[in-house]
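> Here you go, protein-v2.cif (mmCIF, C-alpha atoms):
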data_data
#
loop_
_atom_site.label_atom_id
_atom_site.label_comp_id
_atom_site.auth_asym_id
_atom_site.auth_seq_id
_atom_site.Cartn_x
_atom_site.Cartn_y
_atom_site.Cartn_z
CA MET X 214 -8.31 -56.82 -2.63
CA ASP X 215 -11.97 -57.55 -1.91
CA ALA X 216 -14.91 -56.77 -4.20
CA VAL X 217 -15.77 -53.53 -2.37
CA GLN X 218 -12.19 -52.22 -2.74
CA GLN X 219 -12.11 -53.28 -6.41
CA GLU X 220 -15.36 -51.43 -7.06
CA ALA X 221 -14.10 -48.29 -5.26
CA THR X 222 -10.85 -48.41 -7.27
CA ALA X 223 -12.74 -48.83 -10.55
CA ARG X 224 -15.00 -45.90 -9.62
CA ALA X 225 -11.98 -43.72 -8.74
CA ARG X 226 -10.28 -44.55 -12.05
CA GLU X 227 -13.46 -43.71 -13.97
CA LEU X 228 -13.66 -40.37 -12.17
CA GLN X 229 -10.00 -39.75 -13.03
CA ARG X 230 -10.77 -40.53 -16.67
CA SER X 231 -13.57 -37.95 -16.68
CA TRP X 232 -11.52 -35.30 -14.84
CA TYR X 233 -8.08 -35.79 -16.38
CA GLY X 234 -8.81 -37.62 -19.65
CA GLU X 235 -7.35 -40.92 -18.41
CA PRO X 236 -6.63 -42.72 -15.14
CA LEU X 237 -3.80 -41.01 -13.28
CA GLY X 238 -1.82 -44.26 -13.09
CA ALA X 239 -1.54 -44.32 -16.90
CA LEU X 240 -0.86 -40.59 -17.12
CA PHE X 241 1.84 -40.66 -14.43
CA ARG X 242 3.49 -43.80 -15.89
CA ARG X 243 3.68 -42.08 -19.28
CA LEU X 244 5.27 -38.99 -17.71
CA ILE X 245 7.76 -41.21 -15.86
CA ASP X 246 8.69 -42.99 -19.12
CA ASP X 247 8.72 -39.91 -21.37
CA LEU X 248 10.70 -37.73 -18.96
CA GLY X 249 13.02 -40.41 -17.54
CA LEU X 250 11.80 -40.03 -13.97
CA ASN X 251 11.13 -42.38 -11.11
CA GLN X 252 8.06 -42.11 -8.89
CA ALA X 253 9.93 -40.27 -6.14
CA ARG X 254 11.21 -37.61 -8.58
CA LEU X 255 7.76 -37.23 -10.18
CA ALA X 256 6.19 -36.77 -6.73
CA ALA X 257 8.82 -34.14 -5.86
CA VAL X 258 8.29 -32.18 -9.11
CA LEU X 259 4.52 -32.26 -8.66
CA GLY X 260 4.69 -31.28 -4.99
CA LEU X 261 3.00 -34.47 -3.78
CA SER X 262 4.15 -36.91 -1.15
CA ALA X 263 5.26 -40.28 -2.50
CA PRO X 264 2.36 -42.04 -0.69
CA MET X 265 -0.17 -39.60 -2.20
CA LEU X 266 1.25 -40.18 -5.70
CA SER X 267 0.99 -43.92 -5.12
CA GLN X 268 -2.62 -43.62 -3.94
CA LEU X 269 -3.56 -41.56 -7.00
CA MET X 270 -1.82 -44.02 -9.34
CA SER X 271 -3.47 -47.07 -7.78
CA GLY X 272 -6.94 -45.53 -7.68
CA GLN X 273 -7.11 -45.43 -3.88
CA ARG X 274 -7.67 -41.68 -4.27
CA ALA X 275 -9.50 -40.16 -7.22
CA LYS X 276 -8.76 -36.43 -7.27
CA ILE X 277 -5.78 -34.13 -7.02
CA GLY X 278 -6.98 -31.60 -4.48
CA ASN X 279 -4.41 -28.87 -5.07
CA PRO X 280 -4.93 -26.76 -8.24
CA ALA X 281 -1.20 -25.93 -8.34
CA VAL X 282 -0.43 -29.67 -8.62
CA VAL X 283 -2.95 -29.98 -11.48
CA GLN X 284 -1.15 -27.11 -13.25
CA ARG X 285 2.19 -28.86 -12.73
CA VAL X 286 0.74 -32.07 -14.23
CA GLN X 287 -0.39 -30.06 -17.28
CA ALA X 288 3.03 -28.41 -17.55
CA LEU X 289 4.74 -31.83 -17.40
CA GLN X 290 2.39 -33.17 -20.08
CA ASP X 291 3.33 -30.25 -22.33
CA LEU X 292 7.03 -30.78 -21.57
CA ALA X 293 6.77 -34.53 -22.32
CA GLY X 294 5.24 -33.66 -25.70
CA GLN X 295 8.11 -31.29 -26.45
CA VAL X 296 10.66 -33.96 -25.49
CA SER X 297 8.94 -36.53 -27.72
CA ASP X 298 8.85 -34.22 -30.73
CA GLY X 299 12.51 -33.28 -30.20
CA SER X 300 11.96 -29.57 -29.58
CA VAL X 301 13.37 -29.90 -26.02
CA SER X 302 16.47 -31.90 -25.10
CA ALA X 303 16.76 -34.12 -22.03
CA GLY X 304 19.04 -31.53 -20.38
CA GLU X 305 16.59 -28.71 -21.06
CA ALA X 306 13.76 -30.91 -19.78
CA ALA X 307 15.57 -31.40 -16.46
CA ASP X 308 15.97 -27.62 -16.08
CA ARG X 309 12.31 -27.05 -16.96
CA MET X 310 11.21 -29.68 -14.43
CA ASP X 311 13.10 -27.75 -11.75
CA GLU X 312 11.18 -24.61 -12.79
CA ILE X 313 7.86 -26.48 -12.85
CA LYS X 314 8.58 -27.75 -9.33
CA LYS X 315 8.97 -24.16 -8.12
CA THR X 316 5.70 -22.89 -9.62
CA GLN X 317 2.81 -21.98 -7.38
CA GLY X 318 -0.88 -21.87 -8.28
CA GLY X 319 -0.63 -18.42 -9.86
CA SER X 320 2.66 -19.00 -11.67
CA VAL X 321 3.10 -21.15 -14.72
CA LEU X 322 5.73 -21.51 -17.38
CA SER X 323 5.36 -19.19 -20.31
CA THR X 324 5.55 -20.48 -23.88
CA SER X 325 9.24 -19.55 -23.86
CA GLY X 326 9.85 -21.75 -20.82
CA GLN X 327 10.48 -18.78 -18.54
CA THR X 328 8.57 -18.55 -15.29
CA ALA X 329 5.72 -16.05 -15.41
CA THR X 330 4.74 -14.59 -12.07
CA ASN X 331 1.64 -12.71 -11.00
CA SER X 332 3.32 -9.40 -11.80
CA GLY X 333 3.48 -8.01 -15.30
CA ALA X 334 1.50 -9.02 -18.37
CA PRO X 335 0.15 -12.57 -18.36
CA THR X 336 1.40 -14.95 -21.03
CA VAL X 337 -1.03 -16.60 -23.43
CA LYS X 338 -0.31 -19.97 -21.85
CA ARG X 339 -1.01 -18.57 -18.40
CA VAL X 340 -4.34 -17.11 -19.49
CA VAL X 341 -5.29 -20.38 -21.18
CA ARG X 342 -4.36 -22.41 -18.11
CA GLU X 343 -6.44 -20.13 -15.89
CA ILE X 344 -9.45 -20.63 -18.18
CA GLN X 345 -8.85 -24.41 -18.22
CA SER X 346 -8.44 -24.53 -14.45
CA LEU X 347 -11.67 -22.61 -13.91
CA LEU X 348 -13.68 -24.80 -16.29
CA ARG X 349 -12.20 -27.99 -14.85
CA SER X 350 -12.94 -26.89 -11.29
CA VAL X 351 -16.61 -26.40 -12.21
CA SER X 352 -17.18 -29.62 -14.12
CA ALA X 353 -15.54 -32.87 -15.20
CA ALA X 354 -14.27 -33.15 -18.80
CA GLY X 355 -17.03 -35.62 -19.73
CA ASP X 356 -19.70 -33.21 -18.51
CA VAL X 357 -18.11 -30.34 -20.44
CA ILE X 358 -18.18 -32.47 -23.62
CA ASP X 359 -21.84 -33.34 -22.98
CA ALA X 360 -22.65 -29.63 -22.57
CA ALA X 361 -20.73 -28.81 -25.76
CA ASP X 362 -22.66 -31.49 -27.67
CA THR X 363 -25.93 -29.98 -26.41
CA LEU X 364 -24.89 -26.47 -27.47
CA ALA X 365 -23.33 -27.43 -30.82
CA PRO X 366 -26.47 -27.23 -33.01
CA SER X 367 -27.41 -23.70 -31.91
CA HIS X 368 -24.07 -22.28 -30.69
CA PRO X 369 -21.19 -24.06 -32.47
CA GLU X 370 -18.54 -21.51 -31.48
CA LEU X 371 -19.39 -21.78 -27.80
CA ALA X 372 -19.42 -25.58 -28.08
CA GLU X 373 -15.94 -25.46 -29.64
CA PHE X 374 -14.72 -23.22 -26.81
CA LEU X 375 -16.00 -25.66 -24.20
CA ARG X 376 -14.39 -28.65 -25.93
CA VAL X 377 -11.02 -26.96 -26.43
CA TYR X 378 -10.67 -25.33 -23.01
CA GLY X 379 -12.74 -27.71 -20.87
CA ALA X 380 -11.41 -31.02 -22.13
CA GLY X 381 -8.55 -30.35 -24.55
CA ARG X 382 -4.78 -30.10 -24.29
CA THR X 383 -3.18 -26.82 -23.30
CA ALA X 384 -1.31 -26.56 -26.62
CA ASP X 385 -4.59 -26.82 -28.55
CA ALA X 386 -6.20 -24.20 -26.31
CA VAL X 387 -3.23 -21.85 -26.82
CA ALA X 388 -3.57 -22.24 -30.62
CA HIS X 389 -7.33 -21.57 -30.36
CA TYR X 390 -6.73 -18.50 -28.19
CA GLU X 391 -4.11 -17.09 -30.57
CA ALA X 392 -6.33 -17.75 -33.62
CA HIS X 393 -9.20 -15.79 -32.08
CA GLN X 394 -7.31 -12.67 -31.00
CA ASN X 395 -8.25 -9.48 -32.82
#
Since I need it in another form, could you write the structure as structure tokens?

Amino acid sequence: MDAVQQEATARARELQRSWYGEPLGALFRRLIDDLGLNQARLAAVLGLSAPMLSQLMSGQRAKIGNPAVVQRVQALQDLAGQVSDGSVSAGEAADRMDEIKKTQGGSVLSTSGQTATNSGAPTVKRVVREIQSLLRSVSAAGDVIDAADTLAPSHPELAEFLRVYGAGRTADAVAHYEAHQN
């Protein structure tokens, strides 16, 4: 790899860090390890081609262009956390991954693990993910944190909202949402 390619890869990984909290190579490798997947299975669950997954992991591409894929990544991160803390078994995780694979942009897994569609009342997790998706489509996580730091002295509650929904984990945003319901 020449110096120009190395610089482009480093830039892509830095962008990934600002958008997704870490380079996608590290994030995807952790999902592969935590959920017992291989790259082909991860690509299939996410709805990416194997070459696209490889390009994202290696830093040849910086951004996931499809919002539904970003939601599936978030759902897999949540699932990996549940597997690590023992609240979901390996067998249940496999079933949930099949459900995650089937989700479209407007459908996400509810907190109970059932698929929530666009009909009926939205689940808390679905509302939170929509807020996160909107904030993350407007600005990178690092920029959201900078904005929150600027607002913190005069508007601490708004700064907290930006940090939690714009750069935090879905589980933390769900807890925040539930704590602030009247």
> With all atoms listed in the file as the atoms that count, which of X:Gly304, X:Gly249, X:Pro369, X:Pro236 lies nearest to Ser271 in chain X?
X:Pro236
> Name the residues that the PyMOL selection byres ((chain X and resi 284) around 8) picks from the file above, as a list in words, using the file's chain letters and numbers.
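With the shown file as input, the PyMOL selection byres ((chain X and resi 284) around 8) matches Pro280, Ala281, Val282, Val283, Arg285, Val286, Gln287, Ala288, Gly318, Val321, Arg342 and Ser346 of chain X.
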> Hey, can you check how far CA of Leu237 in chain X sits from CA of Ala275 in chain X?
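It comes out at 8.4 Å.
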> Give as a ChimeraX atom specification the residues that the PyMOL selection byres ((chain X and resi 390) around 12) matches when applied to the coordinates above.
/X:336-342,344-345,373-374,377-378,383-389,391-395
> Contacts of Asp246 in chain X at 12 Å or less, counting all atoms listed in the file, minus same-chain residues fewer than 4 places along, as a ChimeraX atom specification?
/X:239-242,250-252,255,289-290,293-294,296-297
> Could you state the separation of CA of Gln229 in chain X and CA of Asp291 in chain X in Å, given to one decimal place?
18.8 Å
> At what distance in Å, to one decimal, does CA of Ala223 in chain X lie from CA of Met265 in chain X?
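Calculated distance between CA of Met265 in chain X and CA of Ala223 in chain X is 17.7 Å.
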> Measuring between all atoms listed in the file, which one of X:Arg226, X:Glu235, X:Gly379, X:Leu266 shows the shortest distance to Val351 in chain X?
X:Gly379
> Which residue is closest to Leu244 in chain X? Choose from X:Leu375, X:Trp232, X:Leu292, X:Leu364 and count only C-alpha atoms.
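Checking each candidate against Leu244 in chain X, we get X:Leu292 as the closest.
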> Could you give me, as a list of chain:residue names, the residues within 9 Å of Ala263 in chain X, counting all atoms listed in the file and dropping anything in the same chain fewer than 5 positions from it?
X:Gln252, X:Ala253, X:Arg254, X:Leu255, X:Ala256, X:Ala257, X:Gln268
> Pick out the closest residue to Gly238 in chain X from this set: X:Gln295, X:Gln273, X:Ala380, X:Ser262. Count all atoms listed in the file.
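Counting all atoms listed in the file, the residue closest to Gly238 in chain X is X:Gln273.
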> Which of these residues is nearest to Asp362 in chain X, using only C-alpha atoms: X:Ser350, X:Gln219, X:Leu228, X:Arg376?
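Closest residue, counting only C-alpha atoms: X:Arg376.
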> Range 384-387 of chain X, all listed atoms, 8 Å padding on each side: what axis-aligned box centre and edge lengths in Å to one decimal come out, as lines of an AutoDock Vina configuration file?

center_x = -3.8
center_y = -24.3
center_z = -27.4
size_x = 20.9
size_y = 21.0
size_z = 18.2
> Which one is closest to Gly355 in chain X: X:Glu305, X:Asp311, X:Glu370, X:Glu227? Count only C-alpha atoms.
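The shortest atom-to-atom distance to Gly355 in chain X comes from X:Glu227.
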